[in-house]
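One file, model05.txt, carrying compact mmCIF, C-alpha atoms and all ligand atoms:
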# COMPACT_ATOMS: atom_id res chain seq x y z
CA MET A 29 101.09 235.33 -78.47
CA PRO A 30 102.91 231.96 -78.51
CA SER A 31 103.03 230.13 -81.82
CA HIS A 32 104.46 226.71 -82.61
CA SER A 33 104.42 224.17 -85.41
CA GLU A 34 103.74 220.40 -85.67
CA HIS A 35 103.42 217.78 -88.42
CA ALA A 36 101.05 214.85 -89.03
CA GLU A 37 100.52 212.51 -91.98
CA VAL A 38 96.82 213.42 -92.33
CA ILE A 39 94.98 216.27 -90.64
CA VAL A 40 91.18 216.11 -90.55
CA VAL A 41 89.52 219.45 -89.81
CA GLY A 42 86.09 219.03 -88.18
CA GLY A 43 84.89 216.23 -85.90
CA GLY A 44 81.29 216.17 -87.13
CA PRO A 45 79.97 212.77 -88.21
CA VAL A 46 81.82 212.79 -91.54
CA GLY A 47 85.21 214.04 -90.27
CA ALA A 48 85.09 211.73 -87.24
CA LEU A 49 84.29 208.71 -89.42
CA ALA A 50 86.99 209.59 -91.96
CA ALA A 51 89.55 209.95 -89.15
CA LEU A 52 88.57 206.57 -87.69
CA GLN A 53 88.71 204.82 -91.05
CA LEU A 54 92.08 206.32 -92.02
CA ALA A 55 93.59 205.45 -88.63
CA GLN A 56 92.32 201.88 -88.97
CA ALA A 57 94.04 201.74 -92.35
CA GLY A 58 97.34 202.60 -90.64
CA ARG A 59 97.51 206.35 -91.28
CA GLN A 60 98.76 208.73 -88.62
CA VAL A 61 95.77 211.06 -88.17
CA LEU A 62 95.26 214.29 -86.25
CA LEU A 63 91.66 215.48 -85.84
CA LEU A 64 90.99 219.15 -85.07
CA GLU A 65 87.55 220.03 -83.72
CA ALA A 66 86.30 223.46 -82.71
CA ARG A 67 83.98 222.35 -79.91
CA ALA A 68 85.18 221.33 -76.45
CA ARG A 69 85.48 217.61 -75.59
CA ASP A 70 82.63 217.64 -73.06
CA GLU A 71 80.51 220.26 -74.76
CA ILE A 72 76.82 219.38 -74.90
CA VAL A 73 75.78 219.44 -78.54
CA ALA A 74 72.45 221.26 -78.57
CA ASP A 75 71.31 220.09 -81.99
CA THR A 76 67.75 218.82 -82.36
CA ARG A 77 68.34 217.00 -85.65
CA ALA A 78 67.59 213.30 -85.93
CA VAL A 79 69.17 211.91 -89.05
CA ALA A 80 67.97 209.04 -91.22
CA LEU A 81 70.95 206.88 -92.11
CA SER A 82 70.77 204.27 -94.82
CA TRP A 83 71.60 200.66 -94.03
CA HIS A 84 74.85 201.14 -95.93
CA SER A 85 75.83 204.16 -93.81
CA GLN A 86 75.08 202.25 -90.65
CA GLN A 87 77.35 199.42 -91.85
CA GLN A 88 80.17 201.91 -92.49
CA LEU A 89 79.81 203.28 -88.97
CA ALA A 90 79.70 199.78 -87.50
CA ALA A 91 82.84 198.73 -89.39
CA ALA A 92 84.64 201.75 -87.95
CA GLY A 93 83.54 200.76 -84.41
CA ALA A 94 81.16 203.71 -84.07
CA TRP A 95 77.85 201.89 -84.06
CA SER A 96 76.65 199.62 -81.29
CA ALA A 97 73.31 197.93 -80.64
CA ALA A 98 73.10 200.05 -77.47
CA LEU A 99 72.79 203.25 -79.51
CA PRO A 100 69.15 204.46 -79.27
CA ALA A 101 68.03 204.26 -82.90
CA THR A 102 64.78 203.47 -84.69
CA PHE A 103 64.68 201.20 -87.73
CA ILE A 104 63.14 202.22 -91.04
CA ASP A 105 61.58 199.23 -92.82
CA ARG A 106 59.35 201.07 -95.27
CA VAL A 107 59.23 204.52 -96.88
CA HIS A 108 55.84 205.78 -98.03
CA VAL A 109 55.99 208.63 -100.60
CA SER A 110 52.85 210.61 -101.51
CA GLN A 111 51.55 214.08 -102.32
CA GLN A 112 48.71 216.03 -100.77
CA GLY A 113 45.42 216.27 -102.64
CA CYS A 114 46.23 213.86 -105.46
CA PHE A 115 46.31 210.13 -106.18
CA GLY A 116 49.55 208.22 -106.52
CA ARG A 117 52.00 206.87 -104.04
CA THR A 118 55.16 204.77 -103.84
CA LEU A 119 56.03 202.33 -101.11
CA ILE A 120 59.66 201.27 -100.80
CA GLN A 121 60.21 198.28 -98.54
CA ARG A 122 63.21 196.51 -97.09
CA GLU A 123 62.13 193.39 -99.02
CA ASP A 124 62.82 195.31 -102.25
CA LEU A 125 66.53 195.12 -101.42
CA GLN A 126 66.41 192.05 -99.20
CA LEU A 127 68.00 193.96 -96.36
CA PRO A 128 67.26 193.61 -92.62
CA HIS A 129 66.06 197.25 -92.77
CA LEU A 130 66.36 200.22 -95.11
CA GLY A 131 67.93 202.48 -92.53
CA VAL A 132 67.89 203.88 -89.01
CA VAL A 133 67.03 207.20 -87.41
CA VAL A 134 69.38 208.48 -84.74
CA ASP A 135 69.76 211.77 -82.90
CA TYR A 136 72.68 213.78 -84.26
CA PRO A 137 74.21 214.39 -80.77
CA LEU A 138 74.00 210.66 -79.92
CA LEU A 139 75.73 209.78 -83.18
CA LEU A 140 78.47 212.30 -82.41
CA ALA A 141 78.89 210.87 -78.90
CA SER A 142 79.21 207.35 -80.30
CA LEU A 143 81.85 208.50 -82.81
CA GLN A 144 83.68 210.34 -80.03
CA ARG A 145 83.82 207.17 -77.89
CA ALA A 146 85.24 205.25 -80.84
CA LEU A 147 87.77 208.01 -81.57
CA GLU A 148 89.07 207.96 -78.02
CA HIS A 149 90.18 204.35 -78.44
CA SER A 150 91.37 204.60 -82.02
CA GLY A 151 94.87 206.03 -82.04
CA VAL A 152 93.60 209.20 -83.72
CA GLN A 153 95.26 212.21 -82.09
CA LEU A 154 92.43 214.49 -80.95
CA ARG A 155 92.57 218.20 -80.37
CA TRP A 156 89.38 219.75 -79.06
CA GLN A 157 88.72 223.50 -78.91
CA SER A 158 90.85 223.86 -81.99
CA ARG A 159 89.23 226.09 -84.55
CA VAL A 160 91.08 226.22 -87.86
CA GLN A 161 91.27 229.74 -89.24
CA ALA A 162 93.27 229.25 -92.40
CA VAL A 163 94.34 226.49 -94.76
CA GLN A 164 97.02 226.48 -97.41
CA SER A 165 98.50 223.94 -99.79
CA LEU A 166 102.19 223.88 -100.80
CA SER A 167 103.98 221.39 -103.02
CA GLN A 168 105.23 218.98 -100.32
CA TYR A 169 102.65 219.56 -97.60
CA ALA A 170 99.52 221.47 -96.65
CA SER A 171 99.18 223.63 -93.56
CA VAL A 172 96.43 224.82 -91.23
CA GLN A 173 96.49 227.72 -88.83
CA LEU A 174 94.44 227.19 -85.71
CA SER A 175 93.59 229.18 -82.64
CA SER A 176 93.00 227.97 -79.09
CA PRO A 177 90.56 229.60 -76.62
CA GLN A 178 93.64 230.89 -74.75
CA GLY A 179 94.51 232.94 -77.80
CA SER A 180 97.60 231.00 -78.87
CA SER A 181 98.06 230.38 -82.56
CA THR A 182 99.52 227.17 -83.99
CA ARG A 183 100.55 226.16 -87.49
CA LEU A 184 100.26 222.48 -88.29
CA THR A 185 101.40 220.70 -91.43
CA ALA A 186 100.41 217.41 -93.07
CA ARG A 187 100.86 215.47 -96.30
CA LEU A 188 97.08 215.66 -96.67
CA VAL A 189 94.48 217.98 -95.11
CA VAL A 190 90.86 216.77 -95.15
CA LEU A 191 88.35 219.58 -94.68
CA ALA A 192 85.20 218.21 -93.01
CA GLU A 193 84.20 221.33 -91.07
CA GLY A 194 80.89 221.82 -92.82
CA GLY A 195 81.98 224.42 -95.35
CA THR A 196 83.74 227.56 -94.22
CA LEU A 197 87.35 227.17 -95.28
CA ALA A 198 87.55 225.75 -98.81
CA GLU A 199 87.13 229.08 -100.56
CA GLN A 200 90.54 230.17 -99.23
CA LEU A 201 92.09 227.67 -101.64
CA PRO A 202 93.12 228.40 -105.22
CA GLY A 203 90.59 227.36 -107.85
CA ILE A 204 87.76 226.72 -105.40
CA ARG A 205 84.40 228.43 -105.81
CA ARG A 206 81.23 227.75 -103.89
CA LEU A 207 77.94 227.66 -105.77
CA GLN A 208 75.07 228.55 -103.48
CA HIS A 209 71.28 228.56 -103.73
CA ASP A 210 69.23 229.90 -100.83
CA TYR A 211 65.86 228.12 -100.80
CA GLN A 212 64.40 230.89 -98.61
CA GLN A 213 62.95 228.02 -96.63
CA CYS A 214 63.43 226.54 -93.18
CA ALA A 215 63.02 223.01 -91.88
CA LEU A 216 60.78 222.94 -88.83
CA LEU A 217 61.69 220.07 -86.52
CA ALA A 218 59.71 218.58 -83.63
CA GLN A 219 59.02 215.24 -82.00
CA LEU A 220 55.48 214.12 -82.87
CA SER A 221 53.25 211.66 -81.00
CA THR A 222 50.60 209.86 -83.00
CA GLU A 223 47.70 207.58 -82.24
CA GLN A 224 49.53 204.60 -83.77
CA ALA A 225 53.19 203.76 -83.19
CA PRO A 226 55.38 204.20 -86.31
CA GLN A 227 56.16 200.46 -86.73
CA GLY A 228 59.13 201.12 -88.95
CA ILE A 229 57.44 203.37 -91.49
CA ALA A 230 58.80 206.72 -92.67
CA TYR A 231 56.60 209.13 -94.61
CA GLU A 232 57.72 211.54 -97.29
CA ARG A 233 54.76 213.76 -98.08
CA PHE A 234 54.77 216.47 -100.70
CA ALA A 235 52.22 218.74 -99.06
CA ASP A 236 50.84 221.88 -100.73
CA ASP A 237 52.79 224.24 -98.44
CA GLY A 238 56.06 222.31 -98.59
CA PRO A 239 57.43 218.77 -98.35
CA LEU A 240 57.47 217.06 -94.99
CA ALA A 241 59.12 213.95 -93.65
CA LEU A 242 57.97 211.91 -90.70
CA LEU A 243 60.87 209.77 -89.55
CA PRO A 244 60.15 206.96 -87.08
CA HIS A 245 61.76 208.14 -83.84
CA GLY A 246 61.22 206.11 -80.66
CA ASP A 247 57.47 205.81 -79.94
CA GLY A 248 56.60 208.62 -82.35
CA PHE A 249 58.03 210.49 -85.32
CA MET A 250 60.54 213.23 -85.92
CA LEU A 251 58.84 215.86 -88.04
CA VAL A 252 60.95 217.64 -90.68
CA TRP A 253 58.63 220.14 -92.33
CA THR A 254 59.94 222.43 -95.04
CA ARG A 255 58.16 225.77 -95.06
CA SER A 256 58.89 229.28 -96.25
CA ALA A 257 61.04 231.11 -93.70
CA ALA A 258 58.03 233.25 -92.68
CA ASP A 259 55.72 230.23 -92.26
CA ALA A 260 58.32 228.36 -90.23
CA ALA A 261 58.73 231.33 -87.89
CA ALA A 262 54.94 231.60 -87.47
CA LEU A 263 54.59 227.84 -86.86
CA GLN A 264 57.34 227.99 -84.26
CA GLN A 265 55.38 230.63 -82.32
CA ALA A 266 51.86 229.22 -82.85
CA ASP A 267 50.14 227.18 -80.15
CA GLU A 268 50.42 223.40 -80.35
CA ALA A 269 46.78 222.79 -81.37
CA THR A 270 47.09 225.14 -84.35
CA VAL A 271 50.26 223.45 -85.60
CA LEU A 272 48.82 219.97 -85.09
CA ALA A 273 45.69 220.92 -87.07
CA ALA A 274 47.79 222.29 -89.96
CA LEU A 275 49.97 219.21 -89.90
CA GLN A 276 47.03 216.82 -89.76
CA ALA A 277 45.58 218.54 -92.85
CA ALA A 278 48.91 218.13 -94.68
CA VAL A 279 49.49 214.51 -93.63
CA GLY A 280 45.93 213.21 -93.79
CA GLU A 281 44.62 210.38 -91.64
CA ARG A 282 46.93 207.59 -92.84
CA HIS A 283 48.60 207.31 -89.46
CA GLY A 284 45.62 208.14 -87.27
CA ARG A 285 45.34 211.28 -85.17
CA LEU A 286 48.36 213.42 -84.41
CA LEU A 287 48.41 213.85 -80.64
CA ALA A 288 51.23 216.07 -79.40
CA LEU A 289 54.22 218.04 -80.58
CA GLY A 290 57.50 218.45 -78.66
CA ALA A 291 59.76 221.52 -78.63
CA ARG A 292 60.10 223.05 -82.10
CA SER A 293 63.30 224.23 -83.76
CA SER A 294 64.13 225.45 -87.21
CA PHE A 295 67.08 225.24 -89.64
CA PRO A 296 67.55 227.58 -92.64
CA LEU A 297 67.99 225.62 -95.88
CA VAL A 298 70.61 226.24 -98.55
CA LEU A 299 72.26 224.25 -101.27
CA ARG A 300 76.03 224.68 -101.41
CA GLN A 301 78.32 222.89 -103.76
CA LEU A 302 81.97 223.34 -104.67
CA ASN A 303 83.14 223.52 -108.26
CA ARG A 304 85.96 221.11 -107.25
CA VAL A 305 86.58 219.02 -104.13
CA VAL A 306 90.39 219.00 -104.34
CA SER A 307 92.90 221.84 -104.29
CA GLY A 308 96.57 220.83 -104.05
CA ARG A 309 96.94 218.65 -100.96
CA VAL A 310 93.56 219.57 -99.51
CA VAL A 311 90.36 217.59 -100.05
CA MET A 312 86.80 218.51 -99.03
CA ILE A 313 84.29 215.89 -97.85
CA GLY A 314 80.77 215.87 -96.34
CA ASN A 315 79.04 219.21 -95.93
CA ALA A 316 82.32 220.95 -96.68
CA ALA A 317 81.96 219.62 -100.23
CA GLN A 318 78.17 219.81 -100.59
CA THR A 319 75.35 220.89 -98.29
CA LEU A 320 71.91 219.65 -99.32
CA HIS A 321 68.27 220.32 -98.64
CA PRO A 322 67.16 217.63 -96.16
CA VAL A 323 64.05 216.65 -98.19
CA ALA A 324 65.50 213.32 -99.28
CA ALA A 325 67.59 212.71 -96.12
CA GLN A 326 70.73 212.28 -98.19
CA GLY A 327 73.30 214.81 -96.92
CA LEU A 328 75.01 212.75 -94.27
CA ASN A 329 74.63 209.54 -96.25
CA LEU A 330 76.49 211.19 -99.11
CA GLY A 331 79.17 212.49 -96.70
CA ILE A 332 79.65 208.99 -95.29
CA ARG A 333 80.21 207.73 -98.84
CA ASP A 334 82.74 210.57 -99.35
CA ALA A 335 84.67 209.25 -96.34
CA GLY A 336 84.52 205.70 -97.74
CA GLY A 337 85.65 206.94 -101.16
CA LEU A 338 88.62 208.73 -99.64
CA LEU A 339 89.65 205.61 -97.75
CA ALA A 340 89.52 203.61 -100.99
CA ALA A 341 91.46 206.21 -102.97
CA LEU A 342 94.21 206.37 -100.35
CA ALA A 343 94.68 202.59 -100.06
CA ASP A 344 98.37 201.76 -100.62
CA ALA A 345 99.22 205.38 -101.51
CA ARG A 346 102.72 206.21 -100.29
CA ASP A 347 101.91 209.91 -100.29
CA PRO A 348 98.25 210.44 -99.28
CA GLY A 349 98.28 213.99 -100.64
CA ALA A 350 99.75 213.14 -104.05
CA ALA A 351 97.94 214.78 -106.96
CA THR A 352 97.17 211.45 -108.70
CA VAL A 353 95.65 209.99 -105.52
CA LEU A 354 93.39 212.98 -104.94
CA ALA A 355 92.45 213.23 -108.60
CA HIS A 356 91.35 209.59 -108.41
CA TYR A 357 89.26 210.42 -105.33
CA ALA A 358 87.59 213.41 -107.02
CA VAL A 359 86.64 211.37 -110.10
CA SER A 360 85.37 208.48 -108.00
CA ARG A 361 82.95 210.72 -106.09
CA GLN A 362 81.72 212.92 -108.93
CA ARG A 363 78.86 210.78 -110.20
CA ASP A 364 77.32 210.03 -106.79
CA SER A 365 77.61 213.62 -105.61
CA ARG A 366 76.15 215.12 -108.79
CA ALA A 367 73.32 212.58 -108.90
CA VAL A 368 72.30 213.12 -105.27
CA VAL A 369 72.58 216.92 -105.41
CA GLY A 370 70.63 216.96 -108.70
CA PHE A 371 67.97 214.57 -107.42
CA THR A 372 67.46 216.48 -104.16
CA HIS A 373 67.31 219.89 -105.80
CA GLY A 374 65.12 218.49 -108.61
CA LEU A 375 62.61 217.12 -106.08
CA ILE A 376 62.19 220.56 -104.51
CA LYS A 377 61.71 222.20 -107.89
CA LEU A 378 59.36 219.48 -109.18
CA PHE A 379 57.06 219.63 -106.18
CA GLU A 380 57.04 223.37 -105.56
CA GLN A 381 54.49 223.96 -108.32
CA GLN A 382 50.89 222.92 -107.90
CA PRO A 383 49.02 223.12 -111.26
CA PRO A 384 46.56 220.18 -111.42
CA LEU A 385 48.10 218.73 -114.59
CA LEU A 386 51.58 218.60 -113.06
CA LYS A 387 50.15 217.11 -109.86
CA GLY A 388 48.46 214.41 -111.94
CA LEU A 389 51.71 213.64 -113.78
CA ARG A 390 53.59 213.40 -110.51
CA GLY A 391 50.94 211.03 -109.16
CA MET A 392 51.30 208.86 -112.26
CA GLY A 393 55.07 208.86 -111.80
CA MET A 394 54.75 207.67 -108.21
CA ASN A 395 52.32 204.94 -109.20
CA ALA A 396 54.59 203.82 -112.03
CA LEU A 397 57.50 203.55 -109.59
CA ASP A 398 55.29 201.57 -107.25
CA LEU A 399 54.01 199.20 -109.92
CA LEU A 400 57.35 198.48 -111.59
CA PRO A 401 59.44 196.48 -109.11
CA PRO A 402 62.73 196.62 -111.11
CA LEU A 403 62.48 200.42 -111.31
CA ARG A 404 61.53 200.69 -107.65
CA ARG A 405 64.42 198.42 -106.66
CA LYS A 406 66.88 200.53 -108.66
CA PHE A 407 65.56 203.69 -107.03
CA ALA A 408 65.77 202.12 -103.55
CA GLU A 409 69.29 200.90 -104.30
CA HIS A 410 70.40 204.44 -105.15
CA LEU A 411 68.88 205.81 -101.96
CA VAL A 412 70.56 203.19 -99.79
CA PHE A 413 73.90 202.69 -101.53
CA GLY A 414 74.37 205.83 -103.63
CA VAL A 415 75.23 206.00 -107.31
CA SER A 416 78.40 204.13 -108.18
CA ALA A 417 81.09 205.71 -110.33
C1 LIG B 501 67.13 219.70 -90.54
C2 LIG B 501 68.13 218.76 -91.12
C3 LIG B 501 67.83 217.41 -91.22
C4 LIG B 501 68.74 216.54 -91.80
N1 LIG B 501 68.41 215.20 -91.91
C5 LIG B 501 69.27 214.36 -92.53
C6 LIG B 501 68.93 212.98 -92.68
O1 LIG B 501 67.85 212.53 -92.26
N2 LIG B 501 69.83 212.17 -93.32
C7 LIG B 501 71.01 212.63 -93.82
O2 LIG B 501 71.77 211.86 -94.41
N3 LIG B 501 71.36 213.94 -93.66
C8 LIG B 501 70.53 214.80 -93.03
N4 LIG B 501 70.88 216.11 -92.87
C9 LIG B 501 72.22 216.55 -93.32
C10 LIG B 501 73.29 216.23 -92.27
O3 LIG B 501 72.94 216.77 -91.02
C11 LIG B 501 74.65 216.77 -92.71
O4 LIG B 501 74.89 216.30 -94.02
C12 LIG B 501 75.76 216.30 -91.79
O5 LIG B 501 75.60 216.83 -90.51
C13 LIG B 501 77.12 216.70 -92.38
O6 LIG B 501 78.14 216.25 -91.53
P1 LIG B 501 79.59 216.90 -91.56
O7 LIG B 501 80.41 216.13 -90.57
O8 LIG B 501 80.06 217.02 -92.97
O9 LIG B 501 79.36 218.41 -91.09
P2 LIG B 501 78.81 218.98 -89.72
O10 LIG B 501 77.76 218.07 -89.17
O11 LIG B 501 78.42 220.39 -90.02
O12 LIG B 501 80.05 218.98 -88.72
C14 LIG B 501 81.12 219.89 -88.88
C15 LIG B 501 82.02 219.83 -87.64
O13 LIG B 501 83.15 220.68 -87.86
C16 LIG B 501 83.36 221.50 -86.71
N5 LIG B 501 83.97 222.76 -87.21
C17 LIG B 501 83.35 223.77 -87.89
N6 LIG B 501 84.24 224.73 -88.24
C18 LIG B 501 85.45 224.31 -87.77
C19 LIG B 501 86.76 224.85 -87.85
N7 LIG B 501 87.00 226.00 -88.48
N8 LIG B 501 87.78 224.17 -87.25
C20 LIG B 501 87.55 222.98 -86.63
N9 LIG B 501 86.31 222.42 -86.53
C21 LIG B 501 85.28 223.05 -87.11
C22 LIG B 501 81.98 221.69 -86.11
O14 LIG B 501 82.06 222.00 -84.73
C23 LIG B 501 81.34 220.31 -86.38
O15 LIG B 501 81.61 219.41 -85.34
C24 LIG B 501 69.99 217.01 -92.29
C25 LIG B 501 70.30 218.38 -92.18
C26 LIG B 501 69.38 219.25 -91.62
C27 LIG B 501 69.72 220.70 -91.52
As structure tokens - that is how I would like this structure written.
Ligand SMILES: Cc1cc2nc3c(=O)[nH]c(=O)nc-3n(C[C@H](O)[C@H](O)[C@H](O)COP(=O)(O)OP(=O)(O)OC[C@H]3O[C@@H](n4cnc5c(N)ncnc54)[C@H](O)[C@@H]3O)c2cc1C
Amino acid sequence: MPSHSEHAEVIVVGGGPVGALAALQLAQAGRQVLLLEARARDEIVADTRAVALSWHSQQQLAAAGAWSAALPATFIDRVHVSQQGCFGRTLIQREDLQLPHLGVVVDYPLLLASLQRALEHSGVQLRWQSRVQAVQSLSQYASVQLSSPQGSSTRLTARLVVLAEGGTLAEQLPGIRRLQHDYQQCALLAQLSTEQAPQGIAYERFADDGPLALLPHGDGFMLVWTRSAADAAALQQADEATVLAALQAAVGERHGRLLALGARSSFPLVLRQLNRVVSGRVVMIGNAAQTLHPVAAQGLNLGIRDAGGLLAALADARDPGAATVLAHYAVSRQRDSRAVVGFTHGLIKLFEQQPPLLKGLRGMGMNALDLLPPLRRKFAEHLVFGVSA
């Protein structure tokens, strides 16, 4: 089998939204970047996710040339948070932060396509159908071993390797351990038509059988319903009327009648987090560093801030893989990452129990947030901009 070797200044492994954005940003900052992506260039990405991006994330994508007004996206102007069967609610509005909108919802494949278009005019060297099998860090450079569909094996070296492949390779590196919690839950996704158009509102509803989000998506909503793995499988098989009735009971009548449900799909949910995001000349960002429950719609937003943090840490660095540079990156991202992982996991734990007293306390908490504008603004600020170091 043929094998050859090449060198780049920075290698980014994984052309998902986080890796693609990081590659674009680093190339714009004058770095010589090689992006390695496992899928083929023209492969149709069959992923039913629609992701809610904060206003800040959208700005980062726009600055990198990967967001255009032509991209089909739906604005979020308000987020309504409530729980089933109990008083109390919080309404976060764009006016709280004086922003044009709080965020946007976009289909994951459309976001990838937009990033791909930007990459193709960016100077980033792209290698599709390049699945990295192994990664290693040495004192002067790091290396990756990749395989092509033809069976050839190539070793590439770089001053810095950025792992953004969603979380399969980091554990090969010294000192890296992955902490994992399986929620034993799945997210059930489907397009939902309702009597009233969404008009910019997103719902976060802590229903008795699991939290659900309704994200404004075109004329209707994208449903993200967290259920036990067994429930999700049953709901995927059940007829539409049965699912709509269960959903209507969980959501209530606040948005009128639920009319129709599109094709359903389901994603298993786990929390994964690394003990460290740097090993030698290799850094992990996005899902490769932390994979979250989607309840608070924070995973990609956090990954986008990872990419921004890396760009900032590397500014003016002669050697992008130098230990001091990467240590600075790791420290700069610790607070945001820990806060968002803790908040997301805490939400699941807080709302999974249903004793009436706890429900009442949660309701009071939501009302307090709603009635105290400075607190609500701070909370909204963290959701949109993250937690600064
Ligand atoms: C149901 C659901 C709903 C969600 N909703 C939201 C939301 O509303 N808002 C939000 O912020 N987040 C949301 N998330 C989280 C979000 O989808 C992820 O955080 C985001 O996709 C992470 O991006 P990434 O680029 O780090 O990884 P990925 O999206 O996993 O991309 C990894 C890329 O690496 C490539 N790859 C993998 N292995 C290799 C390899 N060995 N070599 C080369 N390439 C490789 C893959 O082909 C892929 O292109 C949701 C997640 C789920 C499951």
Which one of A:Leu99, A:Ala230, A:Leu119, A:Leu287 sits closest to Ala396 in chain A if you count all atoms listed in the file?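 Of the candidates, the smallest distance to Ala396 in chain A is held by A:Leu119.
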Counting all atoms listed in the file, which of A:Ala262, A:Val160, A:Leu378, A:Val279 gets nearest to ligand LIG 501 (chain B)?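 Checking each candidate against ligand LIG 501 (chain B), we get A:Val160 as the closest.
Between CA of Ala325 in chain A and CA of Pro239 in chain A lies a distance of 12.0 Å.
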Contacts between ligand LIG 501 (chain B) and chain A, please, where a residue of chain A counts if it comes within 6 Å (with all atoms listed in the file); show its shortest atom pair and distance in Å to one decimal, rows by chain and ascending number, as a tab-separated table.
residue	atom	partner	partner_atom	distance
A:Val41	CA	B:LIG501	C20	5.1
A:Gly42	CA	B:LIG501	O13	3.4
A:Gly43	CA	B:LIG501	O15	4.6
A:Gly44	CA	B:LIG501	O12	3.5
A:Pro45	CA	B:LIG501	O7	4.1
A:Val46	CA	B:LIG501	O7	3.8
A:Gly47	CA	B:LIG501	O7	5.2
A:Leu64	CA	B:LIG501	C20	5.4
A:Glu65	CA	B:LIG501	N9	3.9
A:Ala66	CA	B:LIG501	N9	4.0
A:Arg67	CA	B:LIG501	O14	5.2
A:Arg77	CA	B:LIG501	C3	5.6
A:Val79	CA	B:LIG501	O1	3.5
A:Ala80	CA	B:LIG501	O1	3.6
A:Leu81	CA	B:LIG501	N2	5.5
A:Ser158	CA	B:LIG501	C20	5.8
A:Arg159	CA	B:LIG501	N8	3.6
A:Val160	CA	B:LIG501	N8	3.9
A:Gln161	CA	B:LIG501	N7	5.7
A:Ala192	CA	B:LIG501	O8	5.3
A:Glu193	CA	B:LIG501	O13	3.4
A:Gly194	CA	B:LIG501	O11	4.0
A:Ala215	CA	B:LIG501	C1	5.4
A:Phe295	CA	B:LIG501	C27	5.6
A:Gly314	CA	B:LIG501	O8	3.6
A:Asn315	CA	B:LIG501	O8	3.8
A:Ala316	CA	B:LIG501	O8	5.9
A:Pro322	CA	B:LIG501	C4	4.8
A:Ala325	CA	B:LIG501	N2	3.6
A:Gln326	CA	B:LIG501	O2	3.9
A:Gly327	CA	B:LIG501	O4	3.6
A:Leu328	CA	B:LIG501	O2	3.4
A:Asn329	CA	B:LIG501	O2	4.1
A:Gly331	CA	B:LIG501	O8	5.9
Rank nothing, just name the residue among A:Ser416, A:Ser167, A:Gln200, A:Ser294 nearest to Asp347 in chain A, using all atoms listed in the file. A:Ser167
Determine the nearest neighbour of Ile229 in chain A from the options A:Met250, A:Cys114, A:Val368, A:Leu89, counting all atoms listed in the file. A:Met250
